[in-house]
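*Asks:* Quick one: the structure is below, questions incoming.
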Amino acid sequence: MRRLLSVTAAVLLVLTTVPAVASASVRAVDLGVLPGGEYSFATGIGNAGTVVGYANTGADDDRVHAVSWTPDNRITDLGTLPGDVGSSATGVNDLGVVYGDSHAGSGRGRAVRWVDRVIEELPPLPGHVETLASAINAAGTVVGVSVGTDYTDEHAVAWDRSGRVVRLDELPGDRMSWATGINDAGLIVGYSGRQGAISDLHAVVWTPDGGVTPLVFDGSNAGAAEGIDDTGVIAATIVDRDNHLHAVRFDSDRRGTDLGTGLRATGIGEDGTVLGTRSDRGALHGARWRPGTTEPEFLAVGYAVAAVSRTGMTVGTTRGAGTTSRAMAWAPRGDSGTRLPSLGGPSSSASAVNDHNVAVGSAEVTRGVRHAVKWHL
């Protein structure tokens, strides 16, 4: 689960994208690698402290497998579906149910879920050949997309706790759809439309039974919904009738609030903080909007802001010196950010944070070699 510029915002951009010095109170914990492996990456963390991601196995063909780490940092290879060569874990819910993908040597991927470290395939729709998982809720329902043989036949789907696949409806006249987020009440968001630019899509919300409703702002439904919190607030990007992008916050009654022109929304935290980006002459600037506000805080340069905790702690990555990157954390109230310590190498990145303000990501141990890392903020 980003964009805008006014004179005030331009000043804010200058003030908030200068990397702060690393905090002496935050320590980088190296989560290590699989036996025989060299590198690992952490992509998600649950509130119970389980961390997930992927790591290479050390095999001659440099295969990558999904992995999980216990709260005391013990690593487990989660394996692949039978016959596949690799896998990756994307996220985990508070019950420890992990979701991600398993892929064949051809690159064709299948959405999967691990329950008690046992892998299960999330099946495609009849006649389809590939699936991709986007999000999971507390009940273990996973949402994503099922893809046909020609890769133009794409339909949003949900897999319930039993693994049953449910096709989510497109809006009338639309040919494809994709689910991007789900909350604990079972409300699902994403888009419906036809393949092409974002102006060819329509932002939508689905009820748990698969019924679809458009999200309309200022007379336009073009765009995509990117995230929903447990109160039903939705972050979306809407394309207006003049083809301008707007980051928009929809409340639980589906009333939209404009968060700025020329920005895209990319997600929302459980505290209601909307995340987004602005693109300026090809340079990406990560932003957030705290609950109830409409002015963006520009936090990161070159990267989108990754995630925000229920307490408002925000993590992500910003450009460092030269070609390096810096993992960052920003407090709930505006500050210049804290540079998170690395593991000896010059670059690091933060990808997720849980509601106890434990962040995860990756950091270089030597030039070009990264290990999964955890920070207690």
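Here's how to read the names in the structure tokens: chain A, B, ... by the order shown, residue numbers from 1 in each chain, ligand numbers from 1 in the order shown.
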Taking only residues of segment 220-258 of chain A that have an atom at most 8 Å from an atom of segment 162-183 of chain A, what is each one's shortest atom pair and its distance in Å to one decimal, using only C-alpha atoms, in chain and number order, as a Markdown table?

*Replies:*
| residue | atom | partner | partner_atom | distance |
| --- | --- | --- | --- | --- |
| A:Ala225 | CA | A:Thr180 | CA | 7.4 |
| A:Glu226 | CA | A:Thr180 | CA | 5.8 |
| A:Gly227 | CA | A:Gly181 | CA | 5.1 |
| A:Ile228 | CA | A:Asn183 | CA | 6.1 |
| A:Asp229 | CA | A:Asn183 | CA | 5.8 |
| A:Asp230 | CA | A:Asn183 | CA | 5.2 |
| A:Gly232 | CA | A:Asn183 | CA | 7.6 |

*Asks:* Take the residues just selected and output them with N, CA, C and O atoms as a short mmCIF file (atom, residue, chain, number, x, y, z; two decimals), in the first residue's frame.

*Replies:*
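Okay, this is what ended up in result_38.cif:
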data_model
loop_
_atom_site.label_atom_id
_atom_site.label_comp_id
_atom_site.auth_asym_id
_atom_site.auth_seq_id
_atom_site.Cartn_x
_atom_site.Cartn_y
_atom_site.Cartn_z
N ALA A 225 -7.42 2.97 -7.70
CA ALA A 225 -7.36 2.98 -6.23
C ALA A 225 -6.17 2.13 -5.81
O ALA A 225 -5.96 1.03 -6.32
N GLU A 226 -5.37 2.64 -4.85
CA GLU A 226 -4.11 2.00 -4.50
C GLU A 226 -4.06 1.44 -3.09
O GLU A 226 -3.11 0.74 -2.75
N GLY A 227 -5.03 1.74 -2.24
CA GLY A 227 -4.99 1.21 -0.89
C GLY A 227 -6.22 1.59 -0.11
O GLY A 227 -6.90 2.58 -0.42
N ILE A 228 -6.55 0.80 0.93
CA ILE A 228 -7.69 1.05 1.79
C ILE A 228 -7.32 0.69 3.21
O ILE A 228 -6.66 -0.32 3.46
N ASP A 229 -7.71 1.54 4.18
CA ASP A 229 -7.43 1.21 5.57
C ASP A 229 -8.66 0.55 6.20
O ASP A 229 -9.70 0.37 5.57
N ASP A 230 -8.54 0.16 7.47
CA ASP A 230 -9.62 -0.60 8.10
C ASP A 230 -10.84 0.24 8.43
O ASP A 230 -11.89 -0.31 8.77
N GLY A 232 -12.08 2.14 6.08
CA GLY A 232 -12.70 2.31 4.76
C GLY A 232 -12.22 3.51 3.98
O GLY A 232 -12.75 3.80 2.91
#

*Asks:* Could you find all residues in segment 185-294 of chain A that DSSP calls strand (DSSP E) from the backbone, and write them as a ChimeraX atom specification?

*Replies:* /A:188-193,201-206,212-214,223-228,234-239,245-250,256-261,263-268,274-280,283-289

*Asks:* Could you save the residues just selected, with C-alpha atoms, as a PDB file, in the first residue's frame?

*Replies:*
ATOM      1  CA  ILE A 188     -11.219  -4.527  -1.920  1.00  0.00           C
ATOM      2  CA  VAL A 189      -9.847  -1.709  -4.082  1.00  0.00           C
ATOM      3  CA  GLY A 190      -8.137  -1.527  -7.436  1.00  0.00           C
ATOM      4  CA  TYR A 191      -9.042  -0.658 -10.991  1.00  0.00           C
ATOM      5  CA  SER A 192     -11.141  -1.744 -13.933  1.00  0.00           C
ATOM      6  CA  GLY A 193     -10.670  -0.675 -17.545  1.00  0.00           C
ATOM      7  CA  LEU A 201      -8.506   2.755 -16.106  1.00  0.00           C
ATOM      8  CA  HIS A 202     -11.278   3.360 -13.576  1.00  0.00           C
ATOM      9  CA  ALA A 203     -10.802   3.470  -9.792  1.00  0.00           C
ATOM     10  CA  VAL A 204     -13.122   0.989  -8.084  1.00  0.00           C
ATOM     11  CA  VAL A 205     -14.036  -0.625  -4.787  1.00  0.00           C
ATOM     12  CA  TRP A 206     -15.435  -4.139  -4.470  1.00  0.00           C
ATOM     13  CA  VAL A 212     -18.094  -3.338  -7.979  1.00  0.00           C
ATOM     14  CA  THR A 213     -18.629   0.419  -7.419  1.00  0.00           C
ATOM     15  CA  PRO A 214     -16.783   3.264  -9.196  1.00  0.00           C
ATOM     16  CA  GLY A 223      -7.606   6.348 -12.496  1.00  0.00           C
ATOM     17  CA  ALA A 224      -6.819   3.659  -9.941  1.00  0.00           C
ATOM     18  CA  ALA A 225      -7.357   2.976  -6.234  1.00  0.00           C
ATOM     19  CA  GLU A 226      -4.110   1.998  -4.503  1.00  0.00           C
ATOM     20  CA  GLY A 227      -4.993   1.210  -0.893  1.00  0.00           C
ATOM     21  CA  ILE A 228      -7.692   1.053   1.785  1.00  0.00           C
ATOM     22  CA  ILE A 234      -9.180   4.883   0.256  1.00  0.00           C
ATOM     23  CA  ALA A 235      -6.110   6.384  -1.440  1.00  0.00           C
ATOM     24  CA  ALA A 236      -6.510   6.777  -5.203  1.00  0.00           C
ATOM     25  CA  THR A 237      -5.139   8.532  -8.242  1.00  0.00           C
ATOM     26  CA  ILE A 238      -7.821  10.214 -10.350  1.00  0.00           C
ATOM     27  CA  VAL A 239      -7.344  11.650 -13.848  1.00  0.00           C
ATOM     28  CA  LEU A 245      -3.476  13.600 -12.249  1.00  0.00           C
ATOM     29  CA  HIS A 246      -4.796  14.118  -8.713  1.00  0.00           C
ATOM     30  CA  ALA A 247      -3.996  12.270  -5.513  1.00  0.00           C
ATOM     31  CA  VAL A 248      -7.386  11.820  -3.824  1.00  0.00           C
ATOM     32  CA  ARG A 249      -8.460  10.619  -0.382  1.00  0.00           C
ATOM     33  CA  PHE A 250     -11.925   9.017  -0.350  1.00  0.00           C
ATOM     34  CA  GLY A 256     -13.226  12.506  -2.365  1.00  0.00           C
ATOM     35  CA  THR A 257     -10.789  15.158  -1.110  1.00  0.00           C
ATOM     36  CA  ASP A 258      -8.235  16.558  -3.559  1.00  0.00           C
ATOM     37  CA  LEU A 259      -4.669  16.186  -2.256  1.00  0.00           C
ATOM     38  CA  GLY A 260      -3.102  18.050  -5.158  1.00  0.00           C
ATOM     39  CA  THR A 261      -2.711  18.215  -8.913  1.00  0.00           C
ATOM     40  CA  LEU A 263       0.474  13.827  -7.818  1.00  0.00           C
ATOM     41  CA  ARG A 264      -0.214  10.111  -7.578  1.00  0.00           C
ATOM     42  CA  ALA A 265      -1.391   8.201  -4.524  1.00  0.00           C
ATOM     43  CA  THR A 266       0.395   4.919  -3.936  1.00  0.00           C
ATOM     44  CA  GLY A 267      -0.975   3.621  -0.644  1.00  0.00           C
ATOM     45  CA  ILE A 268      -2.408   4.324   2.788  1.00  0.00           C
ATOM     46  CA  VAL A 274      -1.795   8.653   2.492  1.00  0.00           C
ATOM     47  CA  LEU A 275       1.437   7.960   0.615  1.00  0.00           C
ATOM     48  CA  GLY A 276       2.194   9.245  -2.859  1.00  0.00           C
ATOM     49  CA  THR A 277       4.668  10.631  -5.371  1.00  0.00           C
ATOM     50  CA  ARG A 278       5.328  13.595  -7.612  1.00  0.00           C
ATOM     51  CA  SER A 279       7.398  13.320 -10.788  1.00  0.00           C
ATOM     52  CA  ASP A 280       9.395  16.455 -11.647  1.00  0.00           C
ATOM     53  CA  ALA A 283      12.841  12.837 -10.845  1.00  0.00           C
ATOM     54  CA  LEU A 284      10.585  11.041  -8.352  1.00  0.00           C
ATOM     55  CA  HIS A 285       9.717  12.623  -4.992  1.00  0.00           C
ATOM     56  CA  GLY A 286       8.038  10.538  -2.292  1.00  0.00           C
ATOM     57  CA  ALA A 287       5.345  12.253  -0.224  1.00  0.00           C
ATOM     58  CA  ARG A 288       2.826  11.705   2.548  1.00  0.00           C
ATOM     59  CA  TRP A 289      -0.361  13.387   3.696  1.00  0.00           C
TER      60      TRP A 289
END

*Asks:* Identify which of the residues A:Ser347, A:Asn357, A:Thr294, A:Thr149 lies closest to Ala329 of chain A, counting only C-alpha atoms when measuring atom-to-atom distances.

*Replies:*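 Distance minimum relative to Ala329 of chain A lands on A:Asn357.
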
*Asks:* Can you work out which one of A:Ala359, A:Leu299, A:Ala372, A:Ala59 has the shortest atom-to-atom distance to Leu343 of chain A, counting only C-alpha atoms?

*Replies:*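 Between A:Ala359, A:Leu299, A:Ala372, A:Ala59, the residue approaching Leu343 of chain A most closely is A:Ala372.
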
*Asks:* Using only C-alpha atoms, which protein or nucleic acid residues come within 7 Å of Ser325 of chain A? Drop anything in the same chain fewer than 4 positions from it, and give the result as a VMD selection string.

*Replies:* chain A and resid 317 to 320 347 to 349

*Asks:* Pick the closest to Glu130 of chain A from A:Val118, A:Val157, A:Leu95, A:Ala363: which is it, counting only C-alpha atoms?

*Replies:* A:Val157

*Asks:* Listing only residues of segment 108-149 of chain A within 12 Å of segment 41-53 of chain A, what is the closest atom pair and its distance in Å (to one decimal) for each, using only C-alpha atoms, sorted by chain and residue number ascending, as JSON lines?

*Replies:*
{"residue": "A:Trp114", "atom": "CA", "partner": "A:Val52", "partner_atom": "CA", "distance": 11.0}
{"residue": "A:Asp116", "atom": "CA", "partner": "A:Thr50", "partner_atom": "CA", "distance": 11.9}
{"residue": "A:Arg117", "atom": "CA", "partner": "A:Val52", "partner_atom": "CA", "distance": 11.3}
{"residue": "A:Ala135", "atom": "CA", "partner": "A:Gly44", "partner_atom": "CA", "distance": 11.2}
{"residue": "A:Ile136", "atom": "CA", "partner": "A:Gly46", "partner_atom": "CA", "distance": 11.3}
{"residue": "A:Asn137", "atom": "CA", "partner": "A:Gly46", "partner_atom": "CA", "distance": 11.2}
{"residue": "A:Ala138", "atom": "CA", "partner": "A:Gly46", "partner_atom": "CA", "distance": 10.4}
